[in-house]
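Below is query_24.txt, holding compact mmCIF, C-alpha atoms and all ligand atoms.
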# COMPACT_ATOMS: atom_id res chain seq x y z
CA MET A 1086 -55.31 38.61 -6.08
CA SER A 1087 -51.69 38.03 -6.75
CA ALA A 1088 -50.29 37.98 -10.24
CA ALA A 1089 -49.48 34.66 -11.86
CA PRO A 1090 -45.93 33.52 -11.07
CA PRO A 1091 -43.40 33.99 -13.85
CA ALA A 1092 -42.84 30.97 -16.08
CA ALA A 1093 -39.62 30.11 -14.30
CA SER A 1094 -39.26 26.67 -15.81
CA SER A 1095 -39.10 27.93 -19.39
CA ALA A 1096 -36.82 30.95 -18.77
CA PRO A 1097 -33.08 30.23 -19.07
CA SER A 1098 -31.41 30.29 -15.67
CA PRO A 1099 -28.86 33.02 -14.86
CA VAL A 1100 -26.19 30.32 -14.76
CA ALA A 1101 -27.15 29.10 -18.24
CA LEU A 1102 -27.07 32.67 -19.57
CA ARG A 1103 -23.65 33.40 -18.09
CA LEU A 1104 -22.33 30.08 -19.34
CA ALA A 1105 -23.44 31.03 -22.85
CA GLU A 1106 -21.79 34.47 -22.49
CA VAL A 1107 -18.49 32.93 -21.42
CA GLU A 1108 -18.64 30.38 -24.27
CA ALA A 1109 -19.27 33.24 -26.71
CA ALA A 1110 -16.34 35.25 -25.31
CA ILE A 1111 -14.07 32.21 -25.67
CA ALA A 1112 -15.20 31.75 -29.27
CA ARG A 1113 -14.44 35.43 -29.99
CA ALA A 1114 -11.02 35.19 -28.35
CA CYS A 1115 -10.29 32.06 -30.41
CA ARG A 1116 -11.30 33.83 -33.62
CA ASP A 1117 -9.14 36.86 -32.76
CA ALA A 1118 -6.20 34.54 -32.11
CA GLY A 1119 -6.76 32.56 -35.31
CA ARG A 1120 -7.52 29.41 -33.32
CA PRO A 1121 -10.44 27.04 -33.93
CA ALA A 1122 -13.18 27.38 -31.29
CA GLU A 1123 -12.84 23.67 -30.39
CA ALA A 1124 -9.23 24.32 -29.33
CA VAL A 1125 -10.36 25.67 -25.96
CA LYS A 1126 -12.38 23.74 -23.36
CA LEU A 1127 -14.34 25.57 -20.69
CA ILE A 1128 -14.14 24.12 -17.18
CA ALA A 1129 -16.99 25.54 -15.09
CA VAL A 1130 -15.52 25.86 -11.59
CA SER A 1131 -18.31 24.94 -9.19
CA LYS A 1132 -16.35 24.97 -5.91
CA THR A 1133 -18.38 26.27 -2.94
CA PHE A 1134 -21.64 25.88 -4.90
CA ASP A 1135 -23.99 23.04 -3.99
CA ALA A 1136 -25.59 20.49 -6.29
CA GLU A 1137 -28.72 22.63 -6.71
CA ALA A 1138 -26.64 25.56 -7.98
CA ILE A 1139 -24.74 23.31 -10.39
CA ARG A 1140 -27.78 21.56 -11.91
CA PRO A 1141 -28.79 24.46 -14.21
CA ALA A 1142 -25.38 24.24 -15.90
CA LEU A 1143 -25.84 20.49 -16.43
CA ALA A 1144 -29.40 21.04 -17.65
CA ALA A 1145 -28.05 23.58 -20.15
CA GLY A 1146 -25.79 20.87 -21.56
CA HIS A 1147 -22.48 21.76 -19.92
CA ARG A 1148 -20.47 18.74 -18.89
CA ARG A 1149 -17.00 19.87 -17.78
CA PHE A 1150 -16.61 21.02 -14.17
CA GLY A 1151 -13.81 21.91 -11.77
CA GLU A 1152 -13.58 21.45 -8.01
CA ASN A 1153 -10.70 22.32 -5.70
CA ARG A 1154 -11.37 20.00 -2.74
CA VAL A 1155 -11.74 16.24 -2.76
CA GLN A 1156 -14.07 16.14 0.26
CA GLU A 1157 -16.38 18.80 -1.15
CA ALA A 1158 -16.53 17.08 -4.54
CA LYS A 1159 -17.27 13.77 -2.84
CA ALA A 1160 -20.23 15.32 -1.08
CA LYS A 1161 -22.00 16.55 -4.20
CA TRP A 1162 -20.71 14.89 -7.38
CA PRO A 1163 -21.63 11.19 -6.99
CA GLU A 1164 -25.29 12.25 -7.02
CA LEU A 1165 -24.80 14.57 -10.03
CA LYS A 1166 -22.72 12.00 -11.92
CA ALA A 1167 -25.48 9.44 -11.41
CA GLU A 1168 -27.85 11.83 -13.20
CA TYR A 1169 -25.30 12.94 -15.81
CA PRO A 1170 -22.84 10.05 -16.31
CA ASP A 1171 -20.95 11.92 -19.02
CA ALA A 1172 -20.06 14.83 -16.71
CA GLU A 1173 -16.27 15.25 -16.59
CA LEU A 1174 -14.72 16.32 -13.29
CA HIS A 1175 -11.42 18.20 -12.96
CA LEU A 1176 -9.46 18.55 -9.72
CA ILE A 1177 -7.90 22.02 -9.74
CA GLY A 1178 -6.89 22.32 -6.07
CA PRO A 1179 -4.02 20.80 -4.08
CA LEU A 1180 -4.10 17.03 -3.60
CA GLN A 1181 -2.89 15.44 -0.36
CA THR A 1182 -1.29 12.02 -0.76
CA ASN A 1183 -3.79 10.46 1.67
CA LYS A 1184 -6.67 11.58 -0.61
CA VAL A 1185 -5.25 10.14 -3.85
CA ARG A 1186 -7.40 7.01 -3.82
CA GLU A 1187 -10.59 9.03 -3.35
CA ALA A 1188 -9.49 11.53 -5.99
CA LEU A 1189 -8.92 8.76 -8.54
CA ALA A 1190 -12.43 7.45 -7.90
CA LEU A 1191 -14.00 10.87 -8.50
CA PHE A 1192 -11.94 12.88 -10.94
CA ASP A 1193 -11.30 12.42 -14.66
CA VAL A 1194 -8.50 14.99 -14.79
CA ILE A 1195 -6.06 16.17 -12.11
CA HIS A 1196 -4.41 19.54 -12.75
CA THR A 1197 -2.28 19.74 -9.62
CA LEU A 1198 0.54 17.19 -9.81
CA ASP A 1199 3.33 19.15 -8.15
CA ARG A 1200 5.71 17.03 -6.07
CA PRO A 1201 7.55 13.69 -6.09
CA SER A 1202 5.60 12.23 -3.14
CA LEU A 1203 2.35 12.84 -5.02
CA ALA A 1204 3.74 11.36 -8.25
CA LYS A 1205 4.77 8.26 -6.34
CA GLU A 1206 1.38 7.87 -4.64
CA LEU A 1207 -0.49 8.42 -7.92
CA ALA A 1208 1.62 5.74 -9.61
CA LYS A 1209 0.93 3.34 -6.75
CA GLU A 1210 -2.84 3.93 -6.73
CA ILE A 1211 -3.10 3.82 -10.54
CA ALA A 1212 -1.39 0.41 -10.48
CA ARG A 1213 -3.80 -0.69 -7.75
CA ALA A 1214 -6.70 0.42 -9.99
CA ASP A 1215 -5.43 -1.90 -12.75
CA GLY A 1216 -3.80 0.97 -14.62
CA LYS A 1217 -6.90 3.16 -14.86
CA ALA A 1218 -5.28 6.60 -14.84
CA PRO A 1219 -6.78 10.08 -14.83
CA ARG A 1220 -5.50 12.65 -17.29
CA LEU A 1221 -2.71 14.56 -15.53
CA MET A 1222 -1.28 18.05 -15.59
CA VAL A 1223 1.72 19.38 -13.72
CA GLN A 1224 1.13 22.62 -11.81
CA VAL A 1225 3.88 25.19 -12.25
CA ASN A 1226 4.29 28.02 -9.73
CA THR A 1227 5.15 30.55 -12.43
CA GLY A 1228 5.28 33.44 -9.95
CA GLU A 1229 7.45 31.44 -7.51
CA GLU A 1230 5.10 32.45 -4.70
CA PRO A 1231 6.06 30.71 -1.45
CA GLN A 1232 2.43 30.17 -0.37
CA LYS A 1233 1.38 28.71 -3.70
CA ALA A 1234 1.55 25.09 -4.84
CA GLY A 1235 3.35 24.04 -8.00
CA VAL A 1236 6.89 23.22 -9.11
CA ALA A 1237 9.30 26.11 -9.69
CA PRO A 1238 9.76 26.96 -13.40
CA LEU A 1239 13.43 25.94 -13.27
CA GLU A 1240 12.54 22.56 -11.79
CA ALA A 1241 9.66 21.83 -14.15
CA ASP A 1242 11.57 19.96 -16.89
CA ALA A 1243 13.21 17.57 -14.40
CA PHE A 1244 9.94 17.01 -12.55
CA ILE A 1245 8.02 16.26 -15.75
CA ARG A 1246 10.74 13.81 -16.80
CA MET A 1247 10.61 12.13 -13.39
CA CYS A 1248 6.82 11.76 -13.59
CA ARG A 1249 7.02 10.19 -17.01
CA GLU A 1250 10.15 8.08 -16.76
CA ASP A 1251 10.37 7.07 -13.11
CA TYR A 1252 6.65 6.78 -12.39
CA GLY A 1253 5.18 6.12 -15.86
CA LEU A 1254 2.56 8.84 -15.39
CA PRO A 1255 0.74 10.05 -18.52
CA VAL A 1256 1.39 13.77 -18.04
CA GLU A 1257 -0.41 15.62 -20.81
CA GLY A 1258 -0.03 19.26 -19.89
CA LEU A 1259 0.69 22.09 -17.49
CA MET A 1260 -1.40 24.31 -15.23
CA CYS A 1261 -0.69 27.65 -13.55
CA ILE A 1262 -2.35 30.23 -11.30
CA PRO A 1263 -0.55 33.56 -11.83
CA PRO A 1264 0.01 35.91 -8.87
CA ALA A 1265 -3.20 37.84 -8.22
CA GLU A 1266 -1.52 41.25 -8.27
CA GLU A 1267 0.47 40.90 -11.51
CA PRO A 1268 -0.51 40.94 -15.19
CA ALA A 1269 -1.20 37.33 -16.11
CA ALA A 1270 0.13 37.37 -19.69
CA PRO A 1271 3.85 36.81 -18.90
CA HIS A 1272 2.91 33.85 -16.68
CA PHE A 1273 0.76 32.32 -19.42
CA ALA A 1274 3.60 32.81 -21.92
CA LEU A 1275 6.10 31.17 -19.54
CA LEU A 1276 3.80 28.17 -19.04
CA SER A 1277 3.43 27.81 -22.79
CA THR A 1278 7.22 27.90 -23.28
CA ILE A 1279 7.78 25.19 -20.66
CA ALA A 1280 5.04 23.04 -22.22
CA ARG A 1281 6.45 23.39 -25.73
CA ARG A 1282 9.98 22.34 -24.79
CA ASN A 1283 8.56 19.30 -22.98
CA GLY A 1284 6.30 18.27 -25.84
CA LEU A 1285 3.10 18.90 -23.86
CA ALA A 1286 -0.03 19.96 -25.74
CA THR A 1287 -2.40 20.89 -22.91
CA LEU A 1288 -2.37 24.25 -21.11
CA SER A 1289 -4.76 24.83 -18.19
CA MET A 1290 -4.67 28.59 -17.64
CA GLY A 1291 -7.04 31.53 -17.32
CA MET A 1292 -9.82 32.26 -14.78
CA SER A 1293 -12.80 34.64 -14.75
CA GLY A 1294 -10.64 37.76 -14.89
CA ASP A 1295 -8.17 36.73 -17.58
CA TYR A 1296 -9.41 33.77 -19.61
CA GLU A 1297 -9.49 35.75 -22.87
CA THR A 1298 -5.81 36.64 -22.41
CA ALA A 1299 -5.11 32.97 -21.72
CA VAL A 1300 -6.88 31.95 -24.93
CA ALA A 1301 -4.75 34.43 -26.89
CA LEU A 1302 -1.65 32.82 -25.38
CA GLY A 1303 -2.58 29.23 -26.15
CA ALA A 1304 -4.77 27.95 -23.30
CA THR A 1305 -6.50 24.68 -24.12
CA HIS A 1306 -8.49 24.66 -20.85
CA VAL A 1307 -9.80 27.74 -19.05
CA ARG A 1308 -11.12 27.45 -15.49
CA VAL A 1309 -13.97 29.88 -14.96
CA GLY A 1310 -15.97 30.05 -11.73
CA SER A 1311 -17.43 33.35 -10.57
CA ALA A 1312 -18.24 34.60 -14.10
CA ILE A 1313 -20.61 31.62 -14.37
CA PHE A 1314 -21.88 30.82 -10.87
CA GLY A 1315 -21.55 34.29 -9.30
CA GLY A 1316 -19.43 35.50 -6.40
CA ARG A 1317 -18.21 33.16 -3.69
CA PRO A 1318 -18.05 33.97 0.01
CA PRO A 1319 -14.53 35.15 0.87
CA ILE A 1320 -12.10 32.46 2.03
CA PRO A 1321 -11.69 32.81 5.81
CA ALA A 1322 -8.24 34.07 6.74
CA GLY A 1323 -5.86 31.89 8.73
C1 LIG A 1401 -11.43 29.10 -7.94
C2 LIG A 1401 -10.47 28.73 -9.01
C3 LIG A 1401 -10.70 29.12 -10.35
C4 LIG A 1401 -11.87 29.95 -10.79
O1 LIG A 1401 -11.74 31.25 -10.31
P1 LIG A 1401 -12.73 32.43 -10.80
O2 LIG A 1401 -11.92 33.65 -10.61
O3 LIG A 1401 -13.92 32.34 -9.93
O4 LIG A 1401 -13.05 32.18 -12.22
C5 LIG A 1401 -9.78 28.72 -11.31
N1 LIG A 1401 -8.69 27.98 -10.97
C6 LIG A 1401 -8.45 27.58 -9.71
C7 LIG A 1401 -7.24 26.76 -9.42
C8 LIG A 1401 -9.33 27.95 -8.68
O5 LIG A 1401 -9.06 27.55 -7.43

Rewritten as C-alpha cells:
Amino acid sequence: MSAAPPAASSAPSPVALRLAEVEAAIARACRDAGRPAEAVKLIAVSKTFDAEAIRPALAAGHRRFGENRVQEAKAKWPELKAEYPDAELHLIGPLQTNKVREALALFDVIHTLDRPSLAKELAKEIARADGKAPRLMVQVNTGEEPQKAGVAPLEADAFIRMCREDYGLPVEGLMCIPPAEEPAAPHFALLSTIARRNGLATLSMGMSGDYETAVALGATHVRVGSAIFGGRPPIPAG
C-alpha cells in the first residue's frame, strides 16, 4: 500500500512562497528607506518559463510580469491573459523595429526604448493604433558597455527630449541593467540623477541579486526573475 499523496492543491506552491518572500523583502527595504511600500512595484520576470510555471504566480494573485522576447511572450501570454485579463505585461528586452506592432498588441509597458529608429517606429504604430500607447521607459546603458542596449548617459537628455518633442511619446521613466561585475549602487544612483533632471518619476532598476539596493536608491519597479521562478538554463554562447 502506498501512502496517500500529499494535499498538493492546498499547499502554497514554491513560486507563491518565493513571491511572498520577495514582496516582504521589498516592504522591508521600503521601510528602511522611509518609503511607502506602495512606492515599489514588483515585476515577476517569467522569461524562459512556460505558462504552466507562471500560473501559480497568477493564482497567488500576482499580476505584473516581465518578458524579454516578443516571440516568446506571444507564445504563452495570450492564453494567460484570456484567463487573467488584468495581468500587466512588461517588455524588458530589446525591441526590433519590425516587432513593434506585435509588441504593442501584447505589452502594457515597454522598458527598452533606446534609439531614434525605435522611437520613430513606435510613434508610427501608436498613431496607427488610434493613439493607444503603452507606458514607455528609456533604457540607459549606465555602464557604457558596448554589447549592451541603451542610450549612453551623456546622450540620455537629448534622446528623452527627442522622444517627447519630435515623436510625442509619453516617456514616463528610465531603466538600466548595471554591468554584472560591478557594484550596482552607483549605476542606480546615476539613473536616478538622469531621471530627476528630466522630470521622470519612474525608475525600473534592480534584479534578483540587487533589488533591495535598488529600492534604497529610489526604484519604482524592480524586475525579479530567478528569486521567484528559480534558476534558468544558461544562455547559449554565440
Ligand atoms: C532576466 C532579466 C531580469 C531578471 O533577472 P534575475 O536575475 O533572474 O532576477 C531583470 N531584468 C532584465 C532586463 C532581464 O533580462

Need the neighbours of (9.2, 23.0, -6.1): which residues are at most 8 Å away, counting all atoms listed in the file, as number ranges by chain? A: 1199-1200, 1226, 1235-1237, 1240

Set the cut-off to 10 Å, count only C-alpha atoms and all ligand atoms, and list whatever residues fall near ligand LIG 1401 (chain A) as a PyMOL selection string. chain A and resi 1128-1133+1151-1154+1176-1179+1196-1197+1224+1260-1263+1265+1289-1296+1307-1317

Residues near Arg1113 in chain A, cut-off 10 Å, only C-alpha atoms, skip fewer than 6 positions along chain, as JSON, numbers by chain: {"A": [1107, 1119, 1120, 1122, 1297, 1300]}

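A straight line drawn from CA of Leu1254 in chain A to CA of Leu1207 in chain A is 8.1 Å long.
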
What is the distance between CA of Ile1195 in chain A and CA of Ala1269 in chain A, in Å to one decimal? 22.1 Å

What lies within 7 Å of range 1209-1220 of chain A using all atoms listed in the file, ignoring chain neighbours under 4 positions off, as a PyMOL selection string? chain A and resi 1186+1189+1193-1195+1205+1255+1257

Taking every listed atom of range 1290-1296 of chain A and adding 6 Å to each side, what centre and edge lengths in Å (one decimal) does the axis-aligned box have, as JSON?
{"center_x": -8.7, "center_y": 33.2, "center_z": -17.2, "size_x": 20.1, "size_y": 21.2, "size_z": 16.9}

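All residues of protein, DNA or RNA that reach within 7 Å of Lys1161 in chain A, judged by all atoms listed in the file and not counting those fewer than 4 positions away in the chain, are A:Asp1135, A:Ala1136, A:Glu1157, A:Leu1165.
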
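For the pair CA of Pro1170 in chain A and CA of Asn1183 in chain A, the interatomic distance is 26.2 Å.
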
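Closest to Phe1244 in chain A among A:Gly1258, A:Gly1228, A:Pro1201, A:Pro1264 is A:Pro1201, based on all atoms listed in the file.
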
Among listed residues A:Leu1191, A:Val1185, A:Cys1248, A:Val1223, nearest Ala1167 in chain A (using only C-alpha atoms): A:Leu1191

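In terms of minimum interatomic distance to Ala1124 in chain A, A:Ile1111 ranks closest within A:Ile1111, A:Leu1275, A:Ala1243, A:Ile1139, counting all atoms listed in the file.
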